[in-house]
Amino acid sequence: MNIKNIVTVLKRELGGYFNSAVAYVYLIAFIAINNGLFMTQFFLVGRADMDPFFWALPYVLLLFIPVITMRLWAEDRKENTFELLLTFPMQPAELVLGKFLAALVFYIISLASTFSVPLVLFICGSPDAGRIIASYTGALMLGALFMSIGIFISGLTKEQIIAFVLTTLSCFFILLLGMDFLATFFDGWIPGLGSFMKNYIGASGHGASFNRGIIDIKDLLYFIVMSFIFLLLNGLSFEGRLRPRAKFVFGSAVAVCLVGAILFNWLIKDLSLGRFDITENKIYTVSDASRRILSNLKAPVQIKVYITPVEKMPTAIKTLEQVITGKLDELRIASKNKLNFKVVYIEAAKLIEANQQQNVPGAPATANSLEKSLQAKGIVPFQVESIDKDALGVRLVYSAISINYLDKNEEILPRVLPQSIPDLEYMLLSRIVKLTLEKRPKIALFSPLSAQGRDEYQSLSSLIVNNGYNLERTALTKESAIPEGTVTLLVINPGALNDRQLYEINKFLYQGGSALIAAQGFDYSFQMIPTQGLDATPIKLNLDINRLIQKWGVSINDKMLMDEDNQVISVSSDQNVGPFALAIPVKLPNQIFVRQQLFDNKAAVMNRLSALFYLWGSSLDLSDPVIKQADFKKTLLFTSSPKSWQMPFEGGPLKGSSLVYPKTGSAGRFPLGVILQGQFNKAIEPAGEDKTEALNNPQPGKLVVIGCAKMFSDQLIVNSPGNLSLFANIVDSFALGDDLIQIRSKSILSRNIKKLTDSQIAWYRFIALVSIPLLWAVYAYIRLLLRRKEKQAYLSTRGNNEA
C-alpha cells in the first residue's frame with residue numbers, strides 16, 4: 001500500500017469539498033444546529049457541562065454524515081469517472097482509504113468548529129475538561145463508524161439520494177440496536193436477543209462510556225473494528241466486481257465479515273483491556289484515600305456479592321454484576337489483596353418455592369436454606385420492572401453485598417442498583433472504616449418539633465442511619481443529656497433554649513466534641529391576597545443559641561438576608577384543581593442560591609460540592625478579636641454573593657423596596673458558614689442548683705455554625721444535592737476524618753455557571769452561535785476571490801500564449 005497514493009486521493013477529495021460552496025454551507029449548518037440546540041437551554045439550566053450537546057449529536061450525525069459520504073463513490077459512478085479511477089496505478093484499498101480519510105478530516109474540521117461551546121463553558125464556569133475531551137473522542141469514533149458505513153453504501157449505487165437514505169437508515173439501525181429500550185423489547189420476546197444485539201452490534205452502549213469521561217480500550221476496539229469491516233467490504237466490492245459469481249462472493253464476504261465483527265466483540269467483552277479515566281477528579285478510579293484505608297487494615301476484608309444470575313435479570317440491569325465485580329476487582333488490586341470478594345448466585349424463585357412448600361404437609365423443611373439465612377441478615381429480594389412480550393411486569397431479584405472483617409458484626413448493603421454504583425466505593429469504604437473501629441460512631445441529634453408539631457428533619461435521621469452510624473435523639477437536659485460516647489452533636493433549628501441546654505452544648509464542645517449548629521433568624525409564611533397577589537410575611541425565630549456561640553466570636557445575624565442570586569420555589573395556594581392544591585412559583589431574594597465560586601474549596605467539607613440552596617437563611621457575624629483571643633482556627637466555608645444585602649425586621653409582609661438591591665450598594669459577601677477549631681472555654685453556667693457542676697477533661701473541639709436550618713429540611717435536602725453532600729461531609733469529617741469526604745467527592749459534579757448579566761449572556765450567545773460561522777463565511781469569501789483571481793490570471797496567460 002502506497003501512502004503517497006492515499007495522500008493524493010485525500011487531497012483531491014478534500015479540495016473537492018472546499019472548492020465549492022457546499023462545504024461552507026454544511027459547516028455553517030452543522031455549527032448552527034448543534035450549537036443552537038445546546039445554547040437554547042444552556043443559560044436556563046445554568047450548568048457548565050456539555051451533556052445535552054453530546055446526547056443530541058448522534059441524531060444530528062444521522063443526517064449530516066450521509067451528506068458527506070453520499071457523493072464519495074456515487075458521484076464518480078454517475079459522472080462515469082468511476083472506471084477511470086480504477087485504472088489509476090492505485091489499489092482499491094488506497095482509493096477507499098483516501099476517500100475515507102478525506103471525509104474524516106472534513107468531519108473533524110466540522111466537529112472542531114463547535115469549540116466555541118466549550119470556550120463559553122470555560123468563560124462562564126469550571127467544566128470538567130477531561131469529560132469534554134472524552135466526549136469529543138466518542139463523537140469522533142461514532143462519526144468514523146457512520147462514515148465507513150456511508151462510504152460502503154455509496155459504493156453500491158450511483159444515485160446520491162439512494163446512498164443518503166440507505167446510509168441514514170443503516171446508521172440509525174446500528175445506533176438503535178445499542179439502546180436499552182429496544183434491548184428490553186426484544187428480550188421480552190426472545191430472552192437474550194436484545195442484550196446480544198446491544199452488546200455486540202449496537203453503537204450506543206459503546207459510546208456511553210466516552211460521555212462519562214472514560215476512554216475504554218474495548219469501546220475503542222469496537223469502533224475501530226466495525227469501521228474497518230465496512231471499509232474492507234467497500235474495497236472487496238471493487239476488487240471482485242468482474243469475477244464470476246461476484247454478487248454471491250461479495251454477499252458471502254459481507255456475512256463472514258459481520259459475523260467476524262460480532263465474534264470479536266463477544267471475545268473481548270469480558271476481557272480487562274484497560275481504560276483511561278480522564279475526568280478531572282478521576283471519579284472512576286480508586287481514590288488515594290481508599291488505598292490508604294485499605295493498606296492500613298490489620299486483616300483482609302471479605303466481601304460477598306449476592307446477586308441473581310444475569311440470564312434471570314431484567315434487561316436494564318443485566319450488566320449490574322459486571323459493573324459491581326469490576327469495581328470490587330479494582331479495589332482488590334488497589335488493596336494488594338487486602339480486600340477479597342466472592343459472587344454468590346441466588347434466585348428469588350427458590351425462596352418463593354420454599355415458602356410454598358412450607359404450607360404443604362409433608363414438604364421438606366427449608367429453614368436452613370441460604371435464602372432463610374440471608375433473610376435473617378436483612379438481605380431479601382426486591383422488585384424491579386421488566387417487560388415480557390409487550391407486557392409490563394415485575395421480577396424479584398437479589399443484588400446485595402455483605403462485608404466481613406475479623407470478628408466484627410457483618411455489614412450489609414441490602415440493595416445495590418445501577419443508580420447507586422457511583423457511590424459504591426464510598427458505601428463500601430465507609431462501612432469498612434466503621435468495622436475497624438472499636439465501636440460504631442454515635443451521633444446525637446437535637447431538633448425540636450415545629451410550631452405545627454411536625455418533625456421537619458426526618459430525612460437527616462434516615463441519612464445518618466443509612467450511612468452506618470448509631471443515632472440517638474437528645475433533649476439537651478440533665479435527664480436526657482448527650483449520650484455517652486457521642487462523637488458528633490447536631491443542633492438543627494434549636495429555637496428557644498434554656499441555660500441547661502446551652503450548658504450541655506458548651507460541655508460537649510469543652511470536652512473535645514464536634515458539633516454542627518444550623519439556625520436562622522426567620523421563617524416565612526405565604527398568603528394569597530385576591531387583588532395584590534402573594535404576600536410573604538417573615539416570622540422572627542428565637543436565636544437563644546447566640547447567647548452561647550457569641551462568646552466564641554460568632555453569632556447569627558438578626559436581620560433578613562437578601563441576595564440577587566436566588567432561586568424559584570413553589571408555594572401551595574388556597575386554590576384547588578380537583579383534589580390538588582395549586583402551586584404558585586415564587587422568586588424572592590431571600591431564596592438564596594450559593595454558587596461554587598463562593599465556596600472555600602480548600603476546606604475538606606466543601607470539596608467538590610454542588611451549589612447550595614440557602615432558603616431563608618441568615619448571615620453570620622464574626623468577631624475576629626474574640627476568635628483570635630480564644631486562639632481558634634477559623635475557616636470560612638462559604639459566603640453570599642457580592643450583590644447581597646440585609647434588611648431590618650419591621651413586621652408585616654415584605655415590601656417592594658426590601659426586595660430590590662439598594663442603590664447605595666452593600667458590602668455583600670456575608671459569611672454564611674464557618675468552622676472554629678480549638679479549646680472551647682466555659683461560656684455559660686447551668687441554672688439553679690447545678691451551678692456548682694464543674695467541667696473537667698478539656699480537649700480541643702470543632703464547631704460548625706451555619707446560618708440556615710431550612711437547607712437541611714426534608715423538603716430541600718432530598719432535592720438539593722449540594723445541601724445533602726454538605727451535611728454528609730460534615731458528619732463524616734467529625735466522626736471518621738476527611739478521607740471519606742475525598743471518596744464521596746468522586747462523583748459527577750453539578751457545575752453551575754456564575755451569575756451573568758443580560759449583556760454578558762447576549763455576548764456569549766454570539767460567541768457560541770455566530771463567531772465561528774462568521775469566520776468560515778469570511779474565509780469562503782476570501783478563498784472565492786483568490787480562486788477568481790487565479791482563474792483570471794490563467795485565462796490571461798492562456799490568451800497571451802494563443803496570441
# chains A, B, ... in the order shown; residues from 1 in each chain; ligands from 1
call {"tool": "residues_around", "arguments": {"residues": "stretch 93-95 of chain A", "least_positions_apart": "5", "cutoff": "7 Å", "atoms": "only C-alpha atoms", "output": "JSON, numbers by chain"}}
result
{"A": [1, 5, 6, 9, 235]}
call {"tool": "write_last_selection", "arguments": {"atoms": "N, CA and C atoms", "output": "CSV table (one decimal), in the first residue's frame"}}
result
chain,number,residue,atom,x,y,z
A,1,MET,N,0.9,-1.2,0.0
A,1,MET,CA,0.0,0.0,0.0
A,1,MET,C,0.9,1.2,0.0
A,5,ASN,N,-0.1,7.5,-2.6
A,5,ASN,CA,-1.4,7.4,-3.4
A,5,ASN,C,-2.6,7.8,-2.5
A,6,ILE,N,-2.5,7.4,-1.3
A,6,ILE,CA,-3.6,7.7,-0.3
A,6,ILE,C,-3.7,9.2,-0.1
A,9,VAL,N,-5.2,11.0,-3.2
A,9,VAL,CA,-6.7,10.9,-3.2
A,9,VAL,C,-7.3,11.8,-2.1
A,235,GLY,N,-13.7,-2.0,-0.2
A,235,GLY,CA,-12.6,-2.4,-1.1
A,235,GLY,C,-12.9,-3.7,-1.8
call {"tool": "closest_atom_pairs", "arguments": {"of": "stretch 223-311 of chain A", "to": "stretch 128-145 of chain A", "cutoff": "10 Å", "atoms": "only C-alpha atoms", "output": "Markdown table"}}
result
| residue | atom | partner | partner_atom | distance |
| --- | --- | --- | --- | --- |
| A:Phe223 | CA | A:Met141 | CA | 6.1 |
| A:Ile224 | CA | A:Met141 | CA | 7.7 |
| A:Val225 | CA | A:Leu145 | CA | 9.2 |
| A:Met226 | CA | A:Leu145 | CA | 6.7 |
| A:Ser227 | CA | A:Leu145 | CA | 4.8 |
| A:Phe228 | CA | A:Leu145 | CA | 8.6 |
| A:Ile229 | CA | A:Leu145 | CA | 9.7 |
| A:Phe230 | CA | A:Leu145 | CA | 8.4 |
| A:Leu231 | CA | A:Leu145 | CA | 9.6 |
| A:Phe276 | CA | A:Ala134 | CA | 9.5 |
| A:Asp277 | CA | A:Gly130 | CA | 8.3 |
| A:Ile278 | CA | A:Gly130 | CA | 4.8 |
| A:Thr279 | CA | A:Gly130 | CA | 4.5 |
| A:Glu280 | CA | A:Asp128 | CA | 5.7 |
| A:Asn281 | CA | A:Asp128 | CA | 8.7 |
| A:Lys282 | CA | A:Gly130 | CA | 9.2 |
call {"tool": "closest_residue", "arguments": {"among": "A:Phe766, A:Tyr222, A:Phe341, A:Phe100", "to": "A:His206", "atoms": "only C-alpha atoms"}}
result
A:Tyr222
call {"tool": "select_by_dssp", "arguments": {"residues": "stretch 635-775 of chain A", "states": "alpha helix (DSSP H)", "output": "CSV table (one decimal) with all heavy atoms, in the first residue's frame"}}
result
chain,number,residue,atom,x,y,z
A,714,ASP,N,-36.5,18.4,55.2
A,714,ASP,CA,-36.9,17.3,54.4
A,714,ASP,C,-37.2,17.7,52.9
A,714,ASP,O,-36.9,17.1,52.0
A,714,ASP,CB,-38.2,16.6,54.9
A,714,ASP,CG,-37.9,15.9,56.3
A,714,ASP,OD1,-36.7,15.6,56.5
A,714,ASP,OD2,-38.8,15.6,57.0
A,715,GLN,N,-37.9,18.9,52.8
A,715,GLN,CA,-38.3,19.4,51.5
A,715,GLN,C,-37.1,19.8,50.6
A,715,GLN,O,-37.2,19.9,49.4
A,715,GLN,CB,-39.3,20.5,51.7
A,715,GLN,CG,-38.7,21.8,52.3
A,715,GLN,CD,-39.8,22.8,52.6
A,715,GLN,OE1,-40.3,22.9,53.7
A,715,GLN,NE2,-40.1,23.6,51.6
A,716,LEU,N,-36.0,20.1,51.2
A,716,LEU,CA,-34.8,20.6,50.5
A,716,LEU,C,-33.7,19.6,50.3
A,716,LEU,O,-33.1,19.5,49.3
A,716,LEU,CB,-34.3,21.9,51.1
A,716,LEU,CG,-35.1,23.2,50.9
A,716,LEU,CD1,-34.2,24.4,51.4
A,716,LEU,CD2,-35.4,23.4,49.4
A,717,ILE,N,-33.4,18.9,51.4
A,717,ILE,CA,-32.1,18.1,51.4
A,717,ILE,C,-32.2,17.0,50.3
A,717,ILE,O,-31.2,16.6,49.7
A,717,ILE,CB,-31.8,17.6,52.8
A,717,ILE,CG1,-30.3,17.1,52.8
A,717,ILE,CG2,-32.7,16.4,53.1
A,717,ILE,CD1,-29.8,17.0,54.2
A,721,PRO,N,-28.7,18.4,45.8
A,721,PRO,CA,-27.5,17.5,46.1
A,721,PRO,C,-26.4,18.2,46.9
A,721,PRO,O,-25.7,17.6,47.7
A,721,PRO,CB,-27.0,17.2,44.6
A,721,PRO,CG,-28.2,17.4,43.8
A,721,PRO,CD,-29.0,18.5,44.4
A,722,GLY,N,-26.2,19.5,46.7
A,722,GLY,CA,-25.2,20.2,47.4
A,722,GLY,C,-25.5,20.2,48.9
A,722,GLY,O,-24.6,20.0,49.7
A,723,ASN,N,-26.7,20.5,49.3
A,723,ASN,CA,-27.1,20.5,50.7
A,723,ASN,C,-26.9,19.2,51.3
A,723,ASN,O,-26.4,19.0,52.4
A,723,ASN,CB,-28.6,20.9,50.8
A,723,ASN,CG,-28.9,22.3,50.3
A,723,ASN,OD1,-28.0,22.9,49.6
A,723,ASN,ND2,-30.0,22.9,50.7
A,724,LEU,N,-27.3,18.1,50.6
A,724,LEU,CA,-27.2,16.8,51.1
A,724,LEU,C,-25.7,16.4,51.3
A,724,LEU,O,-25.3,15.9,52.4
A,724,LEU,CB,-27.8,15.8,50.2
A,724,LEU,CG,-27.7,14.3,50.5
A,724,LEU,CD1,-28.4,13.9,51.8
A,724,LEU,CD2,-28.3,13.4,49.4
A,725,SER,N,-24.9,16.7,50.3
A,725,SER,CA,-23.4,16.4,50.4
A,725,SER,C,-22.8,17.2,51.5
A,725,SER,O,-21.9,16.7,52.2
A,725,SER,CB,-22.8,16.6,49.1
A,725,SER,OG,-23.3,15.8,48.1
A,726,LEU,N,-23.1,18.5,51.7
A,726,LEU,CA,-22.5,19.3,52.7
A,726,LEU,C,-22.8,18.7,54.1
A,726,LEU,O,-21.9,18.5,54.9
A,726,LEU,CB,-23.1,20.7,52.7
A,726,LEU,CG,-22.6,21.6,53.8
A,726,LEU,CD1,-21.1,21.8,53.8
A,726,LEU,CD2,-23.3,23.0,53.7
A,727,PHE,N,-24.1,18.3,54.4
A,727,PHE,CA,-24.4,17.7,55.6
A,727,PHE,C,-23.6,16.4,55.8
A,727,PHE,O,-23.1,16.1,56.9
A,727,PHE,CB,-25.9,17.4,55.7
A,727,PHE,CG,-26.4,16.7,57.0
A,727,PHE,CD1,-26.5,17.5,58.1
A,727,PHE,CD2,-26.6,15.4,57.0
A,727,PHE,CE1,-26.9,16.9,59.3
A,727,PHE,CE2,-27.0,14.8,58.2
A,727,PHE,CZ,-27.1,15.5,59.4
A,728,ALA,N,-23.6,15.5,54.8
A,728,ALA,CA,-22.9,14.2,54.9
A,728,ALA,C,-21.4,14.4,55.1
A,728,ALA,O,-20.8,13.7,55.9
A,728,ALA,CB,-23.2,13.4,53.7
A,729,ASN,N,-20.9,15.4,54.5
A,729,ASN,CA,-19.4,15.7,54.6
A,729,ASN,C,-19.1,16.1,56.1
A,729,ASN,O,-18.1,15.7,56.6
A,729,ASN,CB,-19.0,16.8,53.7
A,729,ASN,CG,-18.8,16.3,52.3
A,729,ASN,OD1,-18.9,15.1,52.0
A,729,ASN,ND2,-18.5,17.2,51.3
A,730,ILE,N,-20.0,17.0,56.6
A,730,ILE,CA,-19.7,17.5,58.0
A,730,ILE,C,-19.8,16.3,59.0
A,730,ILE,O,-18.9,16.1,59.8
A,730,ILE,CB,-20.8,18.5,58.4
A,730,ILE,CG1,-20.5,19.8,57.5
A,730,ILE,CG2,-20.7,18.9,59.9
A,730,ILE,CD1,-21.6,20.9,57.7
A,731,VAL,N,-20.8,15.4,58.8
A,731,VAL,CA,-20.9,14.3,59.7
A,731,VAL,C,-19.7,13.3,59.6
A,731,VAL,O,-19.1,12.9,60.6
A,731,VAL,CB,-22.2,13.5,59.5
A,731,VAL,CG1,-22.3,12.2,60.3
A,731,VAL,CG2,-23.4,14.4,59.8
A,732,ASP,N,-19.3,13.0,58.4
A,732,ASP,CA,-18.2,12.1,58.1
A,732,ASP,C,-16.9,12.7,58.6
A,732,ASP,O,-16.1,12.0,59.2
A,732,ASP,CB,-18.1,11.8,56.6
A,732,ASP,CG,-19.1,10.7,56.2
A,732,ASP,OD1,-19.7,10.1,57.1
A,732,ASP,OD2,-19.3,10.5,55.0
A,733,SER,N,-16.7,14.0,58.4
A,733,SER,CA,-15.5,14.6,58.8
A,733,SER,C,-15.4,14.6,60.3
A,733,SER,O,-14.3,14.3,60.9
A,733,SER,CB,-15.5,16.1,58.3
A,733,SER,OG,-14.3,16.8,58.8
A,734,PHE,N,-16.4,14.9,61.0
A,734,PHE,CA,-16.4,14.9,62.5
A,734,PHE,C,-16.2,13.5,63.1
A,734,PHE,O,-15.5,13.2,64.0
A,734,PHE,CB,-17.7,15.5,63.0
A,734,PHE,CG,-17.8,17.0,63.0
A,734,PHE,CD1,-19.0,17.6,63.2
A,734,PHE,CD2,-16.7,17.7,62.6
A,734,PHE,CE1,-19.1,19.0,63.2
A,734,PHE,CE2,-16.8,19.1,62.5
A,734,PHE,CZ,-18.0,19.7,62.8
A,735,ALA,N,-16.9,12.5,62.4
A,735,ALA,CA,-16.9,11.2,63.0
A,735,ALA,C,-15.8,10.3,62.6
A,735,ALA,O,-15.3,9.5,63.4
A,735,ALA,CB,-18.3,10.5,62.7
A,736,LEU,N,-15.3,10.4,61.3
A,736,LEU,CA,-14.4,9.5,60.8
A,736,LEU,C,-13.1,10.1,60.1
A,736,LEU,O,-12.2,9.4,59.7
A,736,LEU,CB,-15.1,8.6,59.8
A,736,LEU,CG,-16.2,7.8,60.3
A,736,LEU,CD1,-16.9,7.1,59.1
A,736,LEU,CD2,-15.8,6.7,61.3
A,739,ASP,N,-10.9,11.5,55.0
A,739,ASP,CA,-10.6,10.6,53.9
A,739,ASP,C,-11.9,10.2,53.2
A,739,ASP,O,-12.0,10.1,52.0
A,739,ASP,CB,-9.9,9.3,54.4
A,739,ASP,CG,-8.4,9.5,54.5
A,739,ASP,OD1,-7.9,10.5,53.9
A,739,ASP,OD2,-7.7,8.6,55.1
A,740,LEU,N,-13.0,9.9,54.0
A,740,LEU,CA,-14.3,9.5,53.4
A,740,LEU,C,-14.9,10.7,52.5
A,740,LEU,O,-15.6,10.4,51.6
A,740,LEU,CB,-15.3,9.1,54.4
A,740,LEU,CG,-15.0,7.7,55.1
A,740,LEU,CD1,-16.0,7.4,56.1
A,740,LEU,CD2,-14.9,6.6,54.0
A,741,ILE,N,-14.6,11.9,52.9
A,741,ILE,CA,-15.1,13.0,52.1
A,741,ILE,C,-14.4,13.0,50.8
A,741,ILE,O,-15.1,13.3,49.7
A,741,ILE,CB,-14.8,14.4,52.8
A,741,ILE,CG1,-15.5,14.4,54.2
A,741,ILE,CG2,-15.2,15.5,52.0
A,741,ILE,CD1,-15.2,15.6,55.0
A,742,GLN,N,-13.1,12.7,50.7
A,742,GLN,CA,-12.4,12.6,49.4
A,742,GLN,C,-13.0,11.5,48.6
A,742,GLN,O,-13.2,11.7,47.4
A,742,GLN,CB,-11.0,12.3,49.7
A,742,GLN,CG,-10.1,12.3,48.4
A,742,GLN,CD,-8.7,11.9,48.6
A,742,GLN,OE1,-8.2,12.1,49.7
A,742,GLN,NE2,-8.1,11.3,47.6
A,743,ILE,N,-13.5,10.4,49.2
A,743,ILE,CA,-14.1,9.3,48.4
A,743,ILE,C,-15.4,9.7,47.9
A,743,ILE,O,-15.8,9.5,46.7
A,743,ILE,CB,-14.2,8.0,49.3
A,743,ILE,CG1,-12.8,7.6,49.7
A,743,ILE,CG2,-14.9,6.9,48.5
A,743,ILE,CD1,-12.8,6.5,50.7
A,744,ARG,N,-16.2,10.4,48.8
A,744,ARG,CA,-17.6,10.7,48.3
A,744,ARG,C,-17.5,11.8,47.2
A,744,ARG,O,-18.4,11.9,46.4
A,744,ARG,CB,-18.4,11.3,49.5
A,744,ARG,CG,-19.9,11.6,49.1
A,744,ARG,CD,-20.6,12.4,50.0
A,744,ARG,NE,-20.9,11.7,51.2
A,744,ARG,CZ,-20.4,11.9,52.4
A,744,ARG,NH1,-19.5,12.9,52.5
A,744,ARG,NH2,-20.7,11.2,53.5
A,758,ASP,N,-27.5,40.3,31.5
A,758,ASP,CA,-28.1,40.1,30.2
A,758,ASP,C,-27.2,40.4,29.1
A,758,ASP,O,-27.2,39.7,28.0
A,758,ASP,CB,-29.4,41.0,30.1
A,758,ASP,CG,-30.5,40.6,31.0
A,758,ASP,OD1,-30.4,39.4,31.5
A,758,ASP,OD2,-31.4,41.4,31.3
A,759,SER,N,-26.3,41.5,29.2
A,759,SER,CA,-25.4,41.8,28.1
A,759,SER,C,-24.3,40.7,28.0
A,759,SER,O,-23.9,40.4,26.9
A,759,SER,CB,-24.7,43.1,28.4
A,759,SER,OG,-24.0,43.1,29.7
A,760,GLN,N,-23.9,40.1,29.1
A,760,GLN,CA,-22.9,39.0,29.1
A,760,GLN,C,-23.6,37.8,28.4
A,760,GLN,O,-22.9,37.1,27.5
A,760,GLN,CB,-22.5,38.6,30.5
A,760,GLN,CG,-21.5,39.6,31.1
A,760,GLN,CD,-21.2,39.2,32.5
A,760,GLN,OE1,-22.1,38.8,33.3
A,760,GLN,NE2,-19.9,39.4,32.9
A,761,ILE,N,-24.8,37.5,28.7
A,761,ILE,CA,-25.5,36.3,28.0
A,761,ILE,C,-25.6,36.6,26.5
A,761,ILE,O,-25.3,35.6,25.7
A,761,ILE,CB,-26.9,36.1,28.7
A,761,ILE,CG1,-26.8,35.6,30.1
A,761,ILE,CG2,-27.7,35.2,27.8
A,761,ILE,CD1,-28.1,35.5,30.8
A,762,ALA,N,-25.9,37.8,26.1
A,762,ALA,CA,-26.0,38.1,24.7
A,762,ALA,C,-24.7,37.9,24.0
A,762,ALA,O,-24.6,37.4,22.9
A,762,ALA,CB,-26.6,39.5,24.5
A,763,TRP,N,-23.6,38.4,24.6
A,763,TRP,CA,-22.3,38.3,24.1
A,763,TRP,C,-21.8,36.8,23.9
A,763,TRP,O,-21.3,36.4,22.9
A,763,TRP,CB,-21.3,39.1,24.9
A,763,TRP,CG,-19.9,39.0,24.6
A,763,TRP,CD1,-18.9,38.5,25.3
A,763,TRP,CD2,-19.2,39.3,23.3
A,763,TRP,NE1,-17.7,38.5,24.7
A,763,TRP,CE2,-17.9,38.9,23.4
A,763,TRP,CE3,-19.7,39.8,22.1
A,763,TRP,CZ2,-17.0,39.1,22.4
A,763,TRP,CZ3,-18.8,39.9,21.1
A,763,TRP,CH2,-17.4,39.6,21.2
A,764,TYR,N,-22.1,36.0,25.0
A,764,TYR,CA,-21.7,34.6,24.9
A,764,TYR,C,-22.5,33.8,23.9
A,764,TYR,O,-22.0,32.9,23.3
A,764,TYR,CB,-21.8,34.0,26.3
A,764,TYR,CG,-20.9,34.6,27.4
A,764,TYR,CD1,-21.2,34.8,28.7
A,764,TYR,CD2,-19.6,35.2,27.0
A,764,TYR,CE1,-20.4,35.3,29.6
A,764,TYR,CE2,-18.8,35.8,27.9
A,764,TYR,CZ,-19.2,35.9,29.2
A,764,TYR,OH,-18.3,36.4,30.1
A,765,ARG,N,-23.7,34.2,23.7
A,765,ARG,CA,-24.5,33.6,22.7
A,765,ARG,C,-23.9,33.9,21.3
A,765,ARG,O,-23.9,33.0,20.4
A,765,ARG,CB,-26.0,34.1,22.7
A,765,ARG,CG,-26.8,33.5,23.8
A,765,ARG,CD,-28.3,33.9,23.6
A,765,ARG,NE,-29.1,33.6,24.7
A,765,ARG,CZ,-29.7,32.4,24.9
A,765,ARG,NH1,-29.4,31.4,24.1
A,765,ARG,NH2,-30.4,32.2,26.0
A,766,PHE,N,-23.5,35.1,21.1
A,766,PHE,CA,-22.8,35.5,19.9
A,766,PHE,C,-21.6,34.7,19.6
A,766,PHE,O,-21.4,34.2,18.5
A,766,PHE,CB,-22.5,37.0,19.9
A,766,PHE,CG,-21.7,37.4,18.7
A,766,PHE,CD1,-22.3,37.8,17.5
A,766,PHE,CD2,-20.3,37.5,18.8
A,766,PHE,CE1,-21.6,38.2,16.4
A,766,PHE,CE2,-19.5,37.9,17.7
A,766,PHE,CZ,-20.2,38.2,16.5
A,772,ILE,N,-17.9,31.5,14.9
A,772,ILE,CA,-17.3,30.5,14.0
A,772,ILE,C,-17.9,30.5,12.6
A,772,ILE,O,-17.2,30.5,11.6
A,772,ILE,CB,-17.2,29.1,14.6
A,772,ILE,CG1,-16.6,29.2,16.0
A,772,ILE,CG2,-16.5,28.1,13.7
A,772,ILE,CD1,-15.2,29.7,16.0
A,773,PRO,N,-19.2,30.5,12.5
A,773,PRO,CA,-19.8,30.6,11.1
A,773,PRO,C,-19.4,31.9,10.4
A,773,PRO,O,-19.2,31.8,9.2
A,773,PRO,CB,-21.3,30.6,11.4
A,773,PRO,CG,-21.5,29.9,12.7
A,773,PRO,CD,-20.3,30.2,13.5
A,774,LEU,N,-19.2,33.0,11.2
A,774,LEU,CA,-18.8,34.2,10.5
A,774,LEU,C,-17.4,34.1,10.0
A,774,LEU,O,-17.1,34.5,8.9
A,774,LEU,CB,-18.9,35.4,11.6
A,774,LEU,CG,-18.6,36.8,11.0
A,774,LEU,CD1,-19.6,37.1,9.9
A,774,LEU,CD2,-18.6,37.8,12.2
A,775,LEU,N,-16.5,33.4,10.8
A,775,LEU,CA,-15.1,33.2,10.3
A,775,LEU,C,-15.1,32.3,9.1
A,775,LEU,O,-14.3,32.6,8.1
A,775,LEU,CB,-14.3,32.6,11.4
A,775,LEU,CG,-14.0,33.5,12.6
A,775,LEU,CD1,-13.3,32.7,13.7
A,775,LEU,CD2,-13.1,34.7,12.2
call {"tool": "residues_around", "arguments": {"residues": "stretch 248-265 of chain A", "least_positions_apart": "5", "cutoff": "9 Å", "atoms": "only C-alpha atoms", "output": "MDAnalysis selection string"}}
result
chainID A and resid 199:201 218 221:222 225:226 229:230 232:233 236:237 240:241 243
call {"tool": "atom_distance", "arguments": {"atom1": "atom CA of A:Asn409", "atom2": "atom CA of A:Gln383"}}
result
27.4 Å
call {"tool": "closest_residue", "arguments": {"among": "A:Lys628, A:Lys442, A:Lys633, A:Arg454", "to": "A:Pro483", "atoms": "only C-alpha atoms"}}
result
A:Lys442
call {"tool": "residues_around", "arguments": {"residues": "stretch 668-684 of chain A", "least_positions_apart": "3", "cutoff": "7 Å", "atoms": "only C-alpha atoms", "output": "ChimeraX atom specification"}}
result
/A:503,506,509-510,548,551,619-620,631-645,699-707
call {"tool": "closest_residue", "arguments": {"among": "A:Leu502, A:Ile153, A:Leu406, A:Leu176", "to": "A:Glu685", "atoms": "only C-alpha atoms"}}
result
A:Leu502
call {"tool": "closest_residue", "arguments": {"among": "A:Gly378, A:Pro314, A:Pro494, A:Gly326", "to": "A:Arg395", "atoms": "only C-alpha atoms"}}
result
A:Pro314
call {"tool": "residues_around", "arguments": {"residues": "stretch 780-787 of chain A", "least_positions_apart": "4", "cutoff": "10 Å", "atoms": "only C-alpha atoms", "output": "MDAnalysis selection string"}}
result
chainID A and resid 18:21 23:25 774:776 791:793
call {"tool": "atom_distance", "arguments": {"atom1": "atom CA of A:Pro648", "atom2": "atom CA of A:Lys559"}}
result
4.8 Å
call {"tool": "atom_distance", "arguments": {"atom1": "atom CA of A:Tyr524", "atom2": "atom CA of A:Lys755"}}
result
25.6 Å
call {"tool": "select_by_dssp", "arguments": {"residues": "stretch 271-310 of chain A", "states": "strand (DSSP E)", "output": "list in words"}}
result
Arg275, Phe276, Asp277, Val301, Gln302, Ile303, Lys304, Val305, Tyr306 and Ile307 of chain A
call {"tool": "write_last_selection", "arguments": {"atoms": "N, CA and C atoms", "output": "short mmCIF file (atom, residue, chain, number, x, y, z; two decimals), in the first residue's frame"}}
result
data_model
loop_
_atom_site.label_atom_id
_atom_site.label_comp_id
_atom_site.auth_asym_id
_atom_site.auth_seq_id
_atom_site.Cartn_x
_atom_site.Cartn_y
_atom_site.Cartn_z
N ARG A 275 -8.50 0.91 30.68
CA ARG A 275 -9.28 2.10 30.35
C ARG A 275 -8.55 3.32 30.89
N PHE A 276 -8.92 4.48 30.37
CA PHE A 276 -8.32 5.73 30.81
C PHE A 276 -9.41 6.62 31.40
N ASP A 277 -9.29 6.90 32.68
CA ASP A 277 -10.22 7.79 33.36
C ASP A 277 -9.64 9.20 33.30
N VAL A 301 -10.40 -7.90 54.28
CA VAL A 301 -11.85 -7.76 54.31
C VAL A 301 -12.44 -8.76 53.32
N GLN A 302 -13.48 -9.49 53.76
CA GLN A 302 -14.14 -10.47 52.92
C GLN A 302 -15.51 -9.93 52.49
N ILE A 303 -15.71 -9.85 51.19
CA ILE A 303 -16.96 -9.31 50.65
C ILE A 303 -17.66 -10.39 49.83
N LYS A 304 -18.96 -10.49 50.03
CA LYS A 304 -19.78 -11.41 49.23
C LYS A 304 -20.84 -10.61 48.49
N VAL A 305 -20.97 -10.92 47.21
CA VAL A 305 -21.99 -10.29 46.38
C VAL A 305 -23.09 -11.32 46.13
N TYR A 306 -24.26 -11.06 46.66
CA TYR A 306 -25.41 -11.95 46.45
C TYR A 306 -26.24 -11.35 45.32
N ILE A 307 -26.32 -12.07 44.20
CA ILE A 307 -26.96 -11.48 43.03
C ILE A 307 -27.65 -12.56 42.20
#
